[in-house]
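A short write-up of the structure that comes next.
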Protein chains: 4
Amino acid sequence: VEPAARLAREHESPSAVAAEPRLDLEALEREARDRLDPSAYDYYAAGAGDETTLRANLAAWERLRLRPRILRDVSGVSTATTVLGTPIAAPVLVAPMALQRLLHPTGELELRRAGEAAGTLVAISTRSSTPIPEVGAASQAPWWFQVYILRDRGLTEELVRRARDGGAKALLLTGDTPILGGKRRPVEFDVPDEWVMPGLSTPDGMPVRDQSPGNFQDASITFANIVRLADLSGLPVVVKGVLRADDARRCVDAGAAGVVVSNHGGRQLDGAVATAEALPEVVDAVGGSCEVYVDGGIRRGTDVLRALALGARAVLVGRPVAWGLATGGAAGAERVLAGLALELAEALALVGATAPDDVGPDLVRPAVAD
Amino acid sequence: VEPAARLAREHESPSAVAAEPRLDLEALEREARDRLDPSAYDYYAAGAGDETTLRANLAAWERLRLRPRILRDVSGVSTATTVLGTPIAAPVLVAPMALQRLLHPTGELELRRAGEAAGTLVAISTRSSTPIPEVGAASQAPWWFQVYILRDRGLTEELVRRARDGGAKALLLTGDTPILGGKRRPVEFDVPDEWVMPGLSTPDGMPVRDQSPGNFQDASITFANIVRLADLSGLPVVVKGVLRADDARRCVDAGAAGVVVSNHGGRQLDGAVATAEALPEVVDAVGGSCEVYVDGGIRRGTDVLRALALGARAVLVGRPVAWGLATGGAAGAERVLAGLALELAEALALVGATAPDDVGPDLVRPAVAD
Amino acid sequence: VEPAARLAREHESPSAVAAEPRLDLEALEREARDRLDPSAYDYYAAGAGDETTLRANLAAWERLRLRPRILRDVSGVSTATTVLGTPIAAPVLVAPMALQRLLHPTGELELRRAGEAAGTLVAISTRSSTPIPEVGAASQAPWWFQVYILRDRGLTEELVRRARDGGAKALLLTGDTPILGGKRRPVEFDVPDEWVMPGLSTPDGMPVRDQSPGNFQDASITFANIVRLADLSGLPVVVKGVLRADDARRCVDAGAAGVVVSNHGGRQLDGAVATAEALPEVVDAVGGSCEVYVDGGIRRGTDVLRALALGARAVLVGRPVAWGLATGGAAGAERVLAGLALELAEALALVGATAPDDVGPDLVRPAVAD
Amino acid sequence: VEPAARLAREHESPSAVAAEPRLDLEALEREARDRLDPSAYDYYAAGAGDETTLRANLAAWERLRLRPRILRDVSGVSTATTVLGTPIAAPVLVAPMALQRLLHPTGELELRRAGEAAGTLVAISTRSSTPIPEVGAASQAPWWFQVYILRDRGLTEELVRRARDGGAKALLLTGDTPILGGKRRPVEFDVPDEWVMPGLSTPDGMPVRDQSPGNFQDASITFANIVRLADLSGLPVVVKGVLRADDARRCVDAGAAGVVVSNHGGRQLDGAVATAEALPEVVDAVGGSCEVYVDGGIRRGTDVLRALALGARAVLVGRPVAWGLATGGAAGAERVLAGLALELAEALALVGATAPDDVGPDLVRPAVAD
């Protein structure tokens, strides 16, 4: 379903004075919180430290004022675009999130279906609670595999191979997690044995406990691992967690096909720069050499538009999709994705643009103050 | 009634220590909310999305500090001015608002009378709930007709002709609404058949339902429609919704007689720049080639003064007049308009100015911080 | 009593770990509010309009960060200074306030005594509720007379002559009140006949009602009135209400002996620039040609220090003294004045300065943000 | 115990989804407040005046956004560094605090032990409630002696000699306290005779009451006292309370071995610049001629990192350690110090740095707004 078509439909039938209420992500989060085990909710909702970056991400988008153009012909708006050549219905991807069976009994599988229904691309985590081959087989829609390079390199390589064999279109190498950022919200829950490293446990019947040191991220990885991953998999490598011009250039030099401006949703280094603040320097640094994506605090179609205006090819959305999954499975997640796409279509029309490529830096400027 | 005369009278009779309390628009809004159907209240009060632009409009005026001049002879203050050559008692026009019978049984007719009593100009909406010929006949005072160009161009032309025949002095072409901006406040109410497109329904007995696609705004209109409207009507065309220098210049090039710096009261694109922030670049861009007006968040005579100082010829006020209409009909709306004019007269005197033309950019500067 | 002496005494006797609590002006205001008639309280407390300038005055001082110097010999701090050649114990004057018998049965007389006790100078209002000759005779301490030029010029001249004959050292011409700024707090109280224009009523037995138009401020006065007042009285004229460089220069050109950077305590034009924001341009404009004072939002000795650092010769304080007067008569007002002087002495010591003249612009800088 | 070792241990054993909650200093302060006599709590918690600087210190660190680097090999993070050549496990020193027996029956002795356990350096106050020789003998770990130069110079010299003989590695001359800054929180408690000037009272059996004028700080000291202290003691002298470039240069010229950018935790001059705002100009002014430390508002490992990024060699922490001492003696204080060191190790890893020396100014930038 193309969002622009929904937009057109919506504007043809209802009375002009009774527009349907739109996405209410705060209500959705409250509903998810009521439904989930408190620790599971906190696991997804928490930010590192005092959660200043968690809040800063949201505030930084809002601070960018939009400068709409008027009297353009916007009768034919489309949100369709591509990422690394893969066509998607809207530039809104699903961010990788661990252990989705904490949110829904068939977590990752639901999200693959939601991605297919919404016509977009889902990133599946190394910490998937569903075996990677099952994840791959769940849908013909495109997906990416998020990679943590583990201390046990054999394990890492095995995961990457299974992702490639399962049809992953690209690898999303997370660069900002050499260790886990400390949280204040205590999180206590048992992870069933069968969830643990399921990407490996199912095929060979040998569960690998999370607690095993080999299963931890390796703190020694560097830019050199980008090229090794590409060589190993034959897949394009996108590096996630870039917040600086110099790091972005290093990624390009190491052969990255894309970078994600990200602070891990405020979950790693509290106090890290908001992604909307870091995006411009990264876009400027890569100068078109690779695609640039961004995540963190995207809650509205207008936020997607702001990201595009600052030079992003697409955004990744995490928590809102998690709440949709928790409350309505694949259909719940799809409603969030389709809702954001619809809002983007609407925002495009209202700034006088008909497609993502029609969005330039003149559409935003910083607020004078807040 | 000339506001300056009221000001003089007020300052001649009361004790210096017992100044009358002035306009309290917050109390007026509370009273209107208590009196109206909740959906009707929300329909007027709501902004798009998270209502950030709704709030930003208000904050942006307040952030501009006034730099009063002292020891000027202000014994003869007048707020009188002209818009497109039409004399008005104060540079405070009434913004176009749809379906005013939701606010008062004889909505648009009351506002025409309020405009006459206050000596100012009222803009009547394409979405008027009263037939345009009746609106036109309600008063000899000047009025403007706000135009949405509908998909059914014949219908649009018929409305414009009736407005012209009903004495409209100018057309106010809304440029920022190719589609309706999504709201979060659910609005549900029935619009009686006889209100629907009444501009057409009464004369020819053929009600045109709002739900008819032809009655929707056309998303394909461009700057070329400015000249067509002018040709069709023989009236000056003012374009509403301009927030950028480039768009302002295009309006001038297309023959616009004026532009209104507006974000539709925060009802269309949430996140759009506040009007007080956009006004300077528009004034600079048109360089005197046409008149510039502004609306959005004007709540005090000092806000009108700020707008004049930034180069506006006049302001348009919407919601405060709606609350006056809802609570007191024509007299209630007139009290708001006269109150703002009185406040403007007072503000002029207190900055050492005796007339709108005596107000320049030296009278404002941004606050250091808030 | 010299504040520095009190400071020295205080630091010689008490235990270092049990410093006496200092001035708590918020508690004092609460006490005054509890004790006063609500309208009398509101009359002094209110600001114009939405009271944004009332709040901005306070915030603007706080926003200026102090840059203390260390390791200076501050064993001999003195707050003593002069204004127009008159020695005062500290650069904290009492701002003119109308109708002080609303605060205390012998209002203005108490304040003259408080000024004498605190070693500082009191400005008495044209709207004094005590006859000017009685005010003049109440103390040998220096005082200034605040002048409103009334429509009845004979009345104005008579008041000025009586002030001069009563020993006033200077005239303080209020330039920012051609009309009264509108307030939202309703103020209703009866002013007894014998208070009304008492400066005139007592000597000649002919009360002049406030309601008489002749008793209103004249909205037509200009800079030319400065020289006329000086010629009439033979006294130096200080102009109060200056907020701009150009107006400051005009005052100097017209022979003013000083200017007060003031927005009338936020009581006239709501939205006017905060005085701490306007002070630098005025100081720069007069370039030493006359003394510059400031009022508005001074609540701490550190605020006095900030004003000195920005180039003020002294500050005027209004409401805090009013609350002292309301709660404790002359002694209550003196406690406020002495408390501020003590705080100033302390602040001088803590920035490594021993006297007001030792305070320069390097001691302040704007906060990075708030 | 080396924090990096703890970090490694922590990341090897627990499940990745159940990270231990970290330091919660707000909860610790609440626990301390519940346990302490209210006056004792207020004595430590209070800031001067309206406590604006107390709050500004905290806000100024938070406002600095971190710019993490990714894909660096951080498998071998160490927080170890040196101050004046003394090796310490982490650049987090304990700020001097008076009368620690108000917090714990064996206050200063506990802190010496906490410093030893945490591998860091403790500064002991002239206002110690434990005799200096006992403080010195409590541990072999390094410590500094904080010096107030008292009016009775013989007393001062005796204290300095005893600190030197007790093993103090350096003198920390407090330059910002010629007098005590006034507080609003009333503090009333009795200090037992045996606590009063215990540095002198114990050895010679002659208690010196705090109330004695000779025991007060001398307000006449200047930069010349730096060299005299160094000559008297043979110890390096670090000056605490520097907030300006010019003062920092004077300290260097007078032979200081280090300076502490400090506003005395907001306890002296309310309104003083936040230390994070003053640090850059001081670092720039000394240009490597001496070590620069900073205190005030450091609450997180990320704050330590920000200080290092702005050029500080180490930070000093006061109140959080006081609350640890109050709630758990030496062990409680050590938990705070070790917790901050662990957070710093984590922050280093997350910005791609392996040691304090690997931290440069590129790691921070001001927030766009707050």
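As shown in the structure tokens, the chain order sets the letters A, B, ...; within each chain, residues go from 1, and ligands are also counted from 1 in the order they appear.
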
*Mind checking which residues fall within 10 Å of Asp284 (chain D), counting only C-alpha atoms, ignoring those fewer than 4 positions away in the same chain, and posting them as a ChimeraX atom specification?*
/D:245,248-249,279-280,288,310-311

*Write out as a PyMOL selection string each polymer residue whose atoms come within 10 Å of region 48-56 of chain C, counting only C-alpha atoms; drop sequence neighbours fewer than 5 positions from it.*
(chain B and resi 21-24+62-63+65-66+300-302+343+367+369-370) or (chain C and resi 61-62+180-185+263-277+296-297)

*List every residue of region 268-328 of chain D that DSSP, applied to the backbone, labels as strand (DSSP E or B), and write the result as number ranges by chain.*
D: 272, 291-295, 314-317

*For CA of Gly115 (chain C) and CA of Gly328 (chain C), determine how far apart the two atoms are, in Å to one decimal place.*
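Taking CA of Gly115 (chain C) as the start and CA of Gly328 (chain C) as the end point, the length is 14.0 Å.
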
*asked:* I'd like the interatomic distance between CA of Ile132 (chain C) and CA of Arg151 (chain C), to a tenth of an Å.
replied: 19.4 Å
